[in-house]
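Source file: protein00.txt; contents: compact mmCIF, C-alpha atoms.
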```txt
# COMPACT_ATOMS: atom_id res chain seq x y z
CA MET A 4 154.27 37.79 126.98
CA SER A 5 157.87 39.03 126.85
CA ASN A 6 159.56 41.03 124.09
CA ARG A 7 162.26 38.46 123.36
CA LYS A 8 163.72 38.51 119.88
CA ARG A 9 162.65 35.53 117.79
CA ARG A 10 165.47 33.08 117.16
CA PHE A 11 166.01 30.19 114.77
CA GLY A 12 163.85 27.26 115.88
CA ASP A 13 161.17 29.44 117.48
CA ARG A 14 157.56 29.40 116.29
CA TYR A 15 155.31 32.43 115.90
CA ASP A 16 153.23 31.12 118.84
CA GLY A 17 156.07 29.96 121.09
CA ARG A 18 159.81 29.99 121.68
CA LEU A 19 161.90 26.85 121.72
CA LEU A 20 163.25 25.96 125.17
CA ARG A 21 166.96 25.40 124.68
CA THR A 22 168.26 25.00 128.25
CA ILE A 23 165.68 22.45 129.38
CA ASP A 24 166.87 19.24 131.06
CA PRO A 25 167.96 16.58 128.48
CA PHE A 26 165.56 14.06 130.03
CA PHE A 27 162.62 16.35 129.22
CA LYS A 28 163.92 16.82 125.67
CA ILE A 29 163.72 13.10 124.96
CA ILE A 30 160.33 12.45 126.61
CA PRO A 31 158.28 13.80 123.65
CA TYR A 32 159.92 11.18 121.44
CA ILE A 33 158.94 8.41 123.88
CA MET A 34 155.40 9.72 124.43
CA ALA A 35 154.73 11.06 120.96
CA THR A 36 151.18 12.37 121.46
CA ARG A 37 149.25 14.21 124.18
CA VAL A 38 146.95 11.24 124.64
CA ASP A 39 150.05 9.16 125.49
CA ALA A 40 151.08 11.71 128.13
CA GLN A 41 147.79 12.54 129.86
CA ASN A 42 147.78 12.84 133.65
CA PHE A 43 144.56 13.29 135.64
CA PHE A 44 144.02 15.43 138.72
CA GLU A 45 140.96 16.05 140.85
CA GLU A 46 140.51 18.93 143.26
CA LYS A 47 137.59 19.80 145.55
CA ILE A 48 137.13 23.57 145.67
CA PRO A 49 135.30 24.81 148.82
CA LEU A 50 132.58 27.25 147.81
CA GLU A 51 132.15 29.24 151.03
CA PRO A 52 134.98 31.77 150.44
CA ILE A 53 134.05 32.21 146.76
CA GLU A 54 130.35 32.70 147.48
CA ALA A 55 131.14 35.19 150.25
CA TYR A 56 133.39 37.12 147.85
CA LEU A 57 130.77 37.10 145.08
CA ARG A 58 128.07 38.33 147.49
CA GLU A 59 130.33 41.18 148.55
CA LYS A 60 131.03 42.20 144.96
CA ARG A 61 127.36 42.03 143.93
CA GLN A 62 126.33 44.10 146.94
CA SER A 63 128.88 46.70 145.90
CA GLY A 64 127.20 46.97 142.50
CA ILE A 65 129.15 44.45 140.38
CA LYS A 66 126.26 42.22 139.25
CA ASN A 67 127.84 40.36 136.35
CA ILE A 68 130.54 38.42 138.24
CA GLY A 69 130.38 34.68 138.85
CA PHE A 70 132.28 31.51 139.68
CA LEU A 71 133.68 31.18 136.15
CA HIS A 72 135.35 34.58 136.42
CA VAL A 73 137.05 33.65 139.70
CA VAL A 74 138.30 30.34 138.28
CA MET A 75 139.65 31.92 135.10
CA ALA A 76 141.31 34.78 136.98
CA ALA A 77 142.99 32.25 139.28
CA MET A 78 144.19 30.30 136.23
CA ILE A 79 145.68 33.39 134.63
CA ARG A 80 147.43 34.40 137.85
CA THR A 81 148.77 30.85 138.26
CA LEU A 82 150.18 30.89 134.71
CA SER A 83 151.83 34.25 135.41
CA GLN A 84 153.67 32.71 138.37
CA LYS A 85 154.12 29.15 137.07
CA PRO A 86 155.06 29.64 133.40
CA GLN A 87 155.91 25.97 132.79
CA LEU A 88 152.15 25.34 132.71
CA ASN A 89 152.02 27.53 129.60
CA ARG A 90 154.31 25.26 127.62
CA PHE A 91 153.31 23.04 124.72
CA ILE A 92 154.77 20.22 122.63
CA ALA A 93 154.99 20.50 118.84
CA GLY A 94 157.20 18.53 116.49
CA GLN A 95 158.56 16.58 119.51
CA LYS A 96 160.01 19.82 120.90
CA ILE A 97 159.03 21.84 123.98
CA TYR A 98 158.01 25.47 123.58
CA ALA A 99 157.10 28.31 125.94
CA ARG A 100 153.88 29.87 124.67
CA ASN A 101 154.11 33.57 123.85
CA GLU A 102 150.67 34.46 125.23
CA ILE A 103 148.08 33.43 127.80
CA LEU A 104 145.05 32.10 125.94
CA ILE A 105 141.94 30.43 127.34
CA SER A 106 139.30 28.63 125.27
CA PHE A 107 135.84 27.77 126.53
CA ALA A 108 132.59 26.55 125.03
CA ILE A 109 129.19 28.16 125.53
CA LYS A 110 125.63 27.37 124.44
CA LYS A 111 124.21 30.20 122.36
CA GLU A 112 120.88 29.61 124.10
CA MET A 113 120.08 27.37 127.08
CA ASN A 114 118.14 24.61 125.32
CA GLU A 115 118.99 21.22 123.80
CA ASP A 116 118.62 22.38 120.19
CA SER A 117 120.79 25.45 120.58
CA PRO A 118 124.17 25.28 118.82
CA GLU A 119 127.40 25.49 120.79
CA THR A 120 130.27 27.80 120.01
CA THR A 121 133.82 28.07 121.27
CA ILE A 122 135.49 31.29 122.36
CA LYS A 123 139.23 31.87 122.67
CA LEU A 124 140.36 34.89 124.66
CA ARG A 125 143.76 36.51 125.05
CA PHE A 126 144.79 37.67 128.51
CA LEU A 127 147.73 39.56 129.97
CA PRO A 128 149.67 37.99 132.87
CA THR A 129 148.93 41.18 134.82
CA ASP A 130 145.15 40.98 134.35
CA THR A 131 143.05 41.31 137.50
CA ILE A 132 139.72 39.65 138.15
CA MET A 133 137.92 42.80 136.97
CA ASP A 134 139.83 42.63 133.67
CA VAL A 135 138.71 39.02 133.33
CA VAL A 136 135.07 39.91 134.07
CA GLU A 137 135.11 42.61 131.39
CA LYS A 138 136.75 40.46 128.69
CA VAL A 139 134.72 37.31 129.34
CA ASN A 140 131.35 39.04 129.60
CA LYS A 141 131.96 41.04 126.44
CA ALA A 142 132.87 37.88 124.50
CA ILE A 143 129.86 35.94 125.81
CA GLU A 144 127.50 38.79 124.93
CA GLU A 145 128.90 39.00 121.39
CA ASN A 146 128.40 35.26 120.87
CA LYS A 147 124.89 34.91 122.30
CA GLY A 148 121.95 34.18 120.04
CA ALA A 149 121.48 31.50 117.41
CA GLN A 150 122.49 33.86 114.58
CA ALA A 151 125.76 35.04 116.14
CA GLN A 152 128.86 33.61 114.46
CA ASN A 153 132.49 34.18 115.40
CA ASP A 154 135.51 33.48 113.19
CA THR A 155 135.81 29.94 114.59
CA ASP A 156 132.21 29.17 113.57
CA LYS A 157 132.73 30.66 110.11
CA THR A 158 135.93 28.69 109.50
CA ALA A 159 134.32 25.41 110.62
CA ARG A 160 131.28 26.08 108.41
CA PHE A 161 133.50 26.80 105.41
CA ILE A 162 135.56 23.62 105.86
CA THR A 163 132.49 21.41 106.36
CA MET A 164 131.09 22.59 103.03
CA CYS A 165 133.80 20.40 101.45
CA PRO A 166 133.31 16.66 100.77
CA GLY A 167 134.50 14.27 103.48
CA PHE A 168 137.72 13.17 101.75
CA LEU A 169 138.75 16.81 101.33
CA ILE A 170 138.00 17.62 105.00
CA LYS A 171 140.20 14.67 105.97
CA PHE A 172 143.01 16.00 103.78
CA ILE A 173 142.65 19.57 105.13
CA VAL A 174 142.88 18.36 108.75
CA TRP A 175 145.86 16.11 107.94
CA PHE A 176 147.63 18.92 106.09
CA CYS A 177 147.00 21.38 108.93
CA LYS A 178 148.44 18.87 111.41
CA LEU A 179 151.51 18.47 109.22
CA LEU A 180 152.04 22.23 108.93
CA ASP A 181 151.47 22.70 112.66
CA TYR A 182 154.03 19.99 113.47
CA TYR A 183 156.72 22.19 111.90
CA GLY A 184 155.20 25.50 113.02
CA TRP A 185 154.15 26.44 109.49
CA MET A 186 150.38 26.49 109.89
CA PRO A 187 149.01 29.89 108.78
CA LYS A 188 148.56 32.32 111.65
CA ILE A 189 144.96 32.97 110.67
CA LEU A 190 144.10 29.32 111.36
CA ASN A 191 145.95 29.40 114.67
CA GLU A 192 143.97 32.51 115.64
CA VAL A 193 140.57 30.87 115.07
CA SER A 194 141.51 27.43 116.41
CA PRO A 195 140.27 26.82 119.99
CA PHE A 196 142.74 23.92 120.15
CA HIS A 197 145.76 26.26 120.10
CA THR A 198 145.40 27.64 123.61
CA SER A 199 146.99 27.59 127.05
CA ILE A 200 143.96 26.08 128.79
CA PHE A 201 140.63 24.71 127.57
CA VAL A 202 137.82 25.16 130.12
CA THR A 203 134.36 23.59 130.25
CA ASP A 204 131.71 24.61 132.78
CA LEU A 205 129.47 21.58 133.17
CA GLY A 206 127.93 23.06 136.30
CA SER A 207 125.94 25.44 134.11
CA LEU A 208 124.32 22.32 132.59
CA GLY A 209 123.57 20.89 136.03
CA ILE A 210 125.93 17.92 135.78
CA GLN A 211 129.19 16.90 137.43
CA SER A 212 132.68 17.38 136.02
CA ILE A 213 134.45 14.87 133.81
CA TYR A 214 138.03 14.12 132.85
CA HIS A 215 138.12 15.62 129.37
CA HIS A 216 140.81 14.26 127.07
CA LEU A 217 143.44 16.48 125.50
CA TYR A 218 143.45 16.94 121.73
CA ASN A 219 146.29 15.69 119.55
CA PHE A 220 145.45 18.50 117.13
CA GLY A 221 146.64 21.88 118.34
CA THR A 222 148.84 22.83 121.28
CA THR A 223 146.57 22.68 124.35
CA SER A 224 148.41 21.15 127.33
CA ILE A 225 145.71 21.58 130.00
CA PHE A 226 141.96 20.85 130.03
CA VAL A 227 139.89 21.93 133.05
CA ALA A 228 136.31 20.84 133.75
CA PHE A 229 134.19 21.78 136.74
CA GLY A 230 130.69 20.65 137.63
CA ALA A 231 127.61 21.45 139.67
CA LYS A 232 127.64 22.40 143.35
CA GLN A 233 127.73 19.53 145.85
CA ARG A 234 127.48 19.11 149.60
CA GLU A 235 129.35 16.79 151.93
CA ARG A 236 129.82 16.29 155.64
CA VAL A 237 133.34 16.54 157.04
CA LEU A 238 135.01 16.65 160.44
CA ASP A 239 136.40 19.98 161.57
CA LYS A 240 139.57 20.36 163.68
CA GLU A 241 137.57 19.78 166.88
CA GLY A 242 136.05 16.57 165.55
CA ASN A 243 132.61 18.05 164.93
CA ILE A 244 130.57 17.13 161.88
CA LYS A 245 130.21 20.07 159.54
CA GLU A 246 128.47 20.40 156.19
CA ARG A 247 130.29 22.19 153.41
CA LYS A 248 129.59 23.09 149.79
CA PHE A 249 132.15 22.40 147.11
CA ILE A 250 132.71 22.01 143.39
CA THR A 251 134.85 19.25 141.92
CA VAL A 252 137.41 20.41 139.39
CA LYS A 253 138.97 17.76 137.16
CA ILE A 254 142.15 18.61 135.31
CA VAL A 255 143.91 16.72 132.52
CA VAL A 256 147.47 17.79 131.73
CA ASP A 257 150.24 16.89 129.32
CA GLU A 258 152.85 15.57 131.74
CA ARG A 259 155.67 16.30 129.29
CA ILE A 260 155.61 20.05 130.01
CA ALA A 261 156.69 19.89 133.68
CA ASP A 262 157.53 17.47 136.49
CA GLY A 263 155.18 16.29 139.22
CA TYR A 264 156.61 18.58 141.89
CA TYR A 265 155.99 21.62 139.69
CA PHE A 266 152.42 20.57 138.96
CA ALA A 267 151.79 20.06 142.68
CA SER A 268 153.11 23.50 143.63
CA ALA A 269 151.09 25.10 140.83
CA PHE A 270 147.87 23.44 141.98
CA LYS A 271 148.54 24.58 145.56
CA LEU A 272 148.88 28.15 144.29
CA PHE A 273 145.66 27.81 142.27
CA ARG A 274 143.80 26.44 145.31
CA ASN A 275 145.09 29.31 147.47
CA LEU A 276 143.95 31.92 144.95
CA ILE A 277 140.51 30.32 144.72
CA SER A 278 140.23 30.37 148.51
CA PHE A 279 141.25 34.05 148.72
CA PRO A 280 139.91 35.70 145.53
CA GLN A 281 140.67 39.14 146.96
CA LYS A 282 144.28 38.50 145.91
CA LEU A 283 143.11 38.61 142.29
CA GLU A 284 141.96 42.22 142.51
CA GLU A 285 145.50 43.56 142.15
CA PRO A 286 148.09 42.68 139.47
CA PRO A 287 150.87 40.31 140.54
CA GLU A 288 153.94 41.91 142.07
CA LYS A 289 156.01 40.35 139.29
CA VAL A 290 155.51 38.08 136.29
CA VAL A 291 157.76 35.01 136.23
CA GLU A 292 159.37 34.16 132.87
CA ASP A 293 160.12 30.63 131.70
CA ILE A 294 163.71 29.50 131.15
CA ASP A 295 165.61 30.16 127.90
```
Same coordinates, now as C-alpha cells:
Amino acid sequence: MSNRKRRFGDRYDGRLLRTIDPFFKIIPYIMATRVDAQNFFEEKIPLEPIEAYLREKRQSGIKNIGFLHVVMAAMIRTLSQKPQLNRFIAGQKIYARNEILISFAIKKEMNEDSPETTIKLRFLPTDTIMDVVEKVNKAIEENKGAQAQNDTDKTARFITMCPGFLIKFIVWFCKLLDYYGWMPKILNEVSPFHTSIFVTDLGSLGIQSIYHHLYNFGTTSIFVAFGAKQRERVLDKEGNIKERKFITVKIVVDERIADGYYFASAFKLFRNLISFPQKLEEPPEKVVEDID
C-alpha cells in the first residue's frame, strides 16, 4: 500500500512491526495458532438504507450493483482507515500486510452439482464503490461456467493429482516455508488463504450466516459471513412497534492483531459506512498507515 523500502525481517507480503507494544509481541507465542486466538462478533445490519441506495443506483442506470458490493466497499474503506485490521501473524511475529486483498467463494452455476471456486481480488485503499463493482463483476463473469478455471483451480487440480502422502508433504512443506516467509510468491498469489479478509455470502444460498473458523494455513486474520434477509419487530424511540429488515453478519477475527477497543471502533466505522453507502462513492480524504 505504501512505498516503504523493504528492511531485514520483512516479508514480500508484509512488513514486520517493530514498534508494537511488547505485550502484543509475546501474545503470538502464547496463542500459537489462529484457532487459539479466534474471537467472534455478530452484527445486525439494517437493510433499509442499503436497499434505498441500491434502488437509487439501479434507477440511475447502474444495474449490476448489489449488497455484496456495498459490504466489500465498506470493508475496503474500513481497512484504509483502520490498518491494524490488515495485519497478520506469521512465524510468531506480527506483520502489516502490504496490500488489501479480499477472497470470496462463488458457485460456478446455481445448482447442487456445480463446482465452487474461490476468487482473490486486489484493491486499492482509495477504491470507491464503483471501483469495487467493476472489479468484482469482472472477476465473477470470468469465473462463471463449469469449464472456467482460474489459477487457484489449476493449482489445486495439479496438487490433487499427486498421491495422498505427497499432498500431505506438499502442504506441510508450504506451511514451513510460509512460517519463515519463504513460500514462493506464485503460491501466495493463487492461495485464497493469504488475504486480508475472507468473505462468504450465504444469503445467496438462502441460509443464515455462520461463524466460519479461521485457517491455520495462510495469513487470513478476518473471516466474514452474512446470510439471508430477515425481519424483526423493534421499538422505535417513541415506543411504537416497528418492523425492520436486516441481515446478520458474523465475523471471526484473530485477536492477536489488535486490542478490543480498536476492533470496536473499527466495527462502528464499518456499521456507519454500511448505513450511509453514499460515503463510499468518493475516495477517502486520507489513507491511514500502520505503525513502523
Note to self: Excluding A:Lys253 and its own-chain neighbours fewer than 3 positions away, which residues fall within 10 Å of it when counting only C-alpha atoms? Please give them as a list of chain:residue names.
What the structure shows: A:Phe43, A:Phe44, A:Glu45, A:Glu46, A:Lys47, A:Gln211, A:Ser212, A:Ile213, A:Tyr214, A:His215, A:Phe226, A:Val227, A:Ala228, A:Phe229, A:Gly230, A:Ile250
Compile a residue-level contact table for stretch 56-175 of chain A against stretch 9-27 of chain A at a cut-off of 7 Å, reporting for every qualifying residue the shortest atom pair and its distance in Å to one decimal, with all atoms listed in the file counted, rows ordered by chain and ascending number, as a Markdown table.
```
| residue | atom | partner | partner_atom | distance |
| --- | --- | --- | --- | --- |
| A:Ile97 | CA | A:Leu20 | CA | 6.0 |
| A:Tyr98 | CA | A:Leu19 | CA | 4.5 |
| A:Ala99 | CA | A:Gly17 | CA | 5.2 |
| A:Arg100 | CA | A:Gly17 | CA | 4.2 |
| A:Asn101 | CA | A:Gly17 | CA | 4.9 |
```
Could you take the residues named above and write them with C-alpha atoms, as a PDB file, keeping the file's coordinate frame?
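Resulting contents of again25.pdb:
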```pdb
ATOM      1  CA  ILE A  97     159.030  21.840 123.980  1.00  0.00           C
ATOM      2  CA  TYR A  98     158.010  25.470 123.580  1.00  0.00           C
ATOM      3  CA  ALA A  99     157.100  28.310 125.940  1.00  0.00           C
ATOM      4  CA  ARG A 100     153.880  29.870 124.670  1.00  0.00           C
ATOM      5  CA  ASN A 101     154.110  33.570 123.850  1.00  0.00           C
TER       6      ASN A 101
END
```
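When all atoms listed in the file are used to compute distances to A:Phe196, the closest of the residues A:Ile105, A:Ile132, A:Ala55, A:Ala159 turns out to be A:Ile105.
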Margin query: Please determine, counting only C-alpha atoms, which residue among A:Val193, A:Trp175, A:Lys188, A:Val139 has the shortest atom-to-atom distance to A:Lys157.
Written below: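 Selected residue with least distance to A:Lys157: A:Val193.
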Next item on the list: Could you please determine the separation between atom CA of A:Phe126 and atom CA of A:Lys138 in Å, to one decimal place?
Entry: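 Rounded to one decimal, the two atoms are 8.5 Å apart.
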Next item on the list: Mind giving me the straight-line distance from atom CA of A:Glu51 to atom CA of A:Val237 in Å, one decimal?
Entry: 14.1 Å
Notebook entry, point to check: Skipping near chain neighbours, those fewer than 2 positions away, what residues fall within 12 Å of stretch 264-273 of chain A using all atoms listed in the file, listed as an NGL selection string?
Noted result: :A and (42-48 or 73-89 or 225 or 252-262 or 275-280 or 282-283)
Margin query: So, with only C-alpha atoms as the atoms that count, which of A:Val38, A:Leu127, A:Ala231, A:Ile162 lies closest to A:Leu205?
Written below: A:Ala231
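Proximity to A:Ser224 was assessed for A:Leu50, A:Ile170, A:Ile109, A:Ala93 counting all atoms listed in the file; the smallest distance is recorded for A:Ala93.
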Note to self: Calculated over all atoms listed in the file, which of the candidates A:Tyr56, A:Phe161, A:Phe70, A:Trp185 has the smallest distance to A:Gln281?
What the structure shows: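 Using all atoms listed in the file, the shortest distance to A:Gln281 belongs to A:Tyr56.
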Item checked: Distance in Å - atom CA of A:Val291 versus atom CA of A:Arg125 -> 18.0 Å
Assuming the input is short of atoms at stretch 214-233 of chain A, produce N, CA, C and O atoms for that part as a short mmCIF file (atom, residue, chain, number, x, y, z; two decimals), in the coordinates of the input.
```
data_model
loop_
_atom_site.label_atom_id
_atom_site.label_comp_id
_atom_site.auth_asym_id
_atom_site.auth_seq_id
_atom_site.Cartn_x
_atom_site.Cartn_y
_atom_site.Cartn_z
N TYR A 214 136.66 14.00 133.33
CA TYR A 214 138.03 14.12 132.85
C TYR A 214 137.95 14.23 131.33
O TYR A 214 137.65 13.26 130.64
N HIS A 215 138.19 15.42 130.81
CA HIS A 215 138.12 15.62 129.37
C HIS A 215 139.50 15.40 128.75
O HIS A 215 140.48 15.98 129.18
N HIS A 216 139.54 14.58 127.73
CA HIS A 216 140.81 14.26 127.07
C HIS A 216 141.44 15.51 126.44
O HIS A 216 140.76 16.48 126.13
N LEU A 217 142.74 15.47 126.27
CA LEU A 217 143.44 16.48 125.50
C LEU A 217 143.32 16.15 124.01
O LEU A 217 143.06 15.00 123.64
N TYR A 218 143.53 17.14 123.18
CA TYR A 218 143.45 16.94 121.73
C TYR A 218 144.85 16.78 121.15
O TYR A 218 145.77 17.54 121.49
N ASN A 219 145.01 15.82 120.24
CA ASN A 219 146.29 15.69 119.55
C ASN A 219 146.46 16.77 118.50
O ASN A 219 147.58 17.09 118.11
N PHE A 220 145.37 17.34 118.04
CA PHE A 220 145.45 18.50 117.13
C PHE A 220 145.58 19.76 117.98
O PHE A 220 144.89 19.93 118.98
N GLY A 221 146.47 20.64 117.60
CA GLY A 221 146.64 21.88 118.34
C GLY A 221 147.77 21.81 119.34
O GLY A 221 148.64 20.93 119.27
N THR A 222 147.73 22.72 120.32
CA THR A 222 148.84 22.83 121.28
C THR A 222 148.36 22.93 122.73
O THR A 222 149.13 23.34 123.60
N THR A 223 147.11 22.56 122.99
CA THR A 223 146.57 22.68 124.35
C THR A 223 147.19 21.62 125.26
O THR A 223 147.09 20.43 124.99
N SER A 224 147.77 22.06 126.38
CA SER A 224 148.41 21.15 127.33
C SER A 224 147.58 20.92 128.59
O SER A 224 147.92 20.04 129.38
N ILE A 225 146.51 21.70 128.79
CA ILE A 225 145.71 21.58 130.00
C ILE A 225 144.23 21.70 129.66
O ILE A 225 143.83 22.63 128.93
N PHE A 226 143.43 20.77 130.19
CA PHE A 226 141.96 20.85 130.03
C PHE A 226 141.35 20.81 131.43
O PHE A 226 141.64 19.92 132.23
N VAL A 227 140.51 21.80 131.73
CA VAL A 227 139.89 21.93 133.05
C VAL A 227 138.38 21.83 132.92
O VAL A 227 137.77 22.52 132.08
N ALA A 228 137.77 20.97 133.73
CA ALA A 228 136.31 20.84 133.75
C ALA A 228 135.82 20.94 135.18
O ALA A 228 136.40 20.33 136.08
N PHE A 229 134.79 21.74 135.41
CA PHE A 229 134.19 21.78 136.74
C PHE A 229 132.68 21.62 136.63
O PHE A 229 132.07 21.95 135.61
N GLY A 230 132.08 21.05 137.69
CA GLY A 230 130.69 20.65 137.63
C GLY A 230 129.79 21.43 138.55
O GLY A 230 130.11 22.52 139.02
N ALA A 231 128.64 20.81 138.84
CA ALA A 231 127.61 21.45 139.67
C ALA A 231 128.02 21.45 141.14
O ALA A 231 128.89 20.68 141.56
N LYS A 232 127.37 22.31 141.92
CA LYS A 232 127.64 22.40 143.35
C LYS A 232 127.23 21.10 144.05
O LYS A 232 126.24 20.48 143.70
N GLN A 233 128.02 20.72 145.05
CA GLN A 233 127.73 19.53 145.85
C GLN A 233 127.86 19.87 147.33
O GLN A 233 128.45 20.88 147.70
#
```
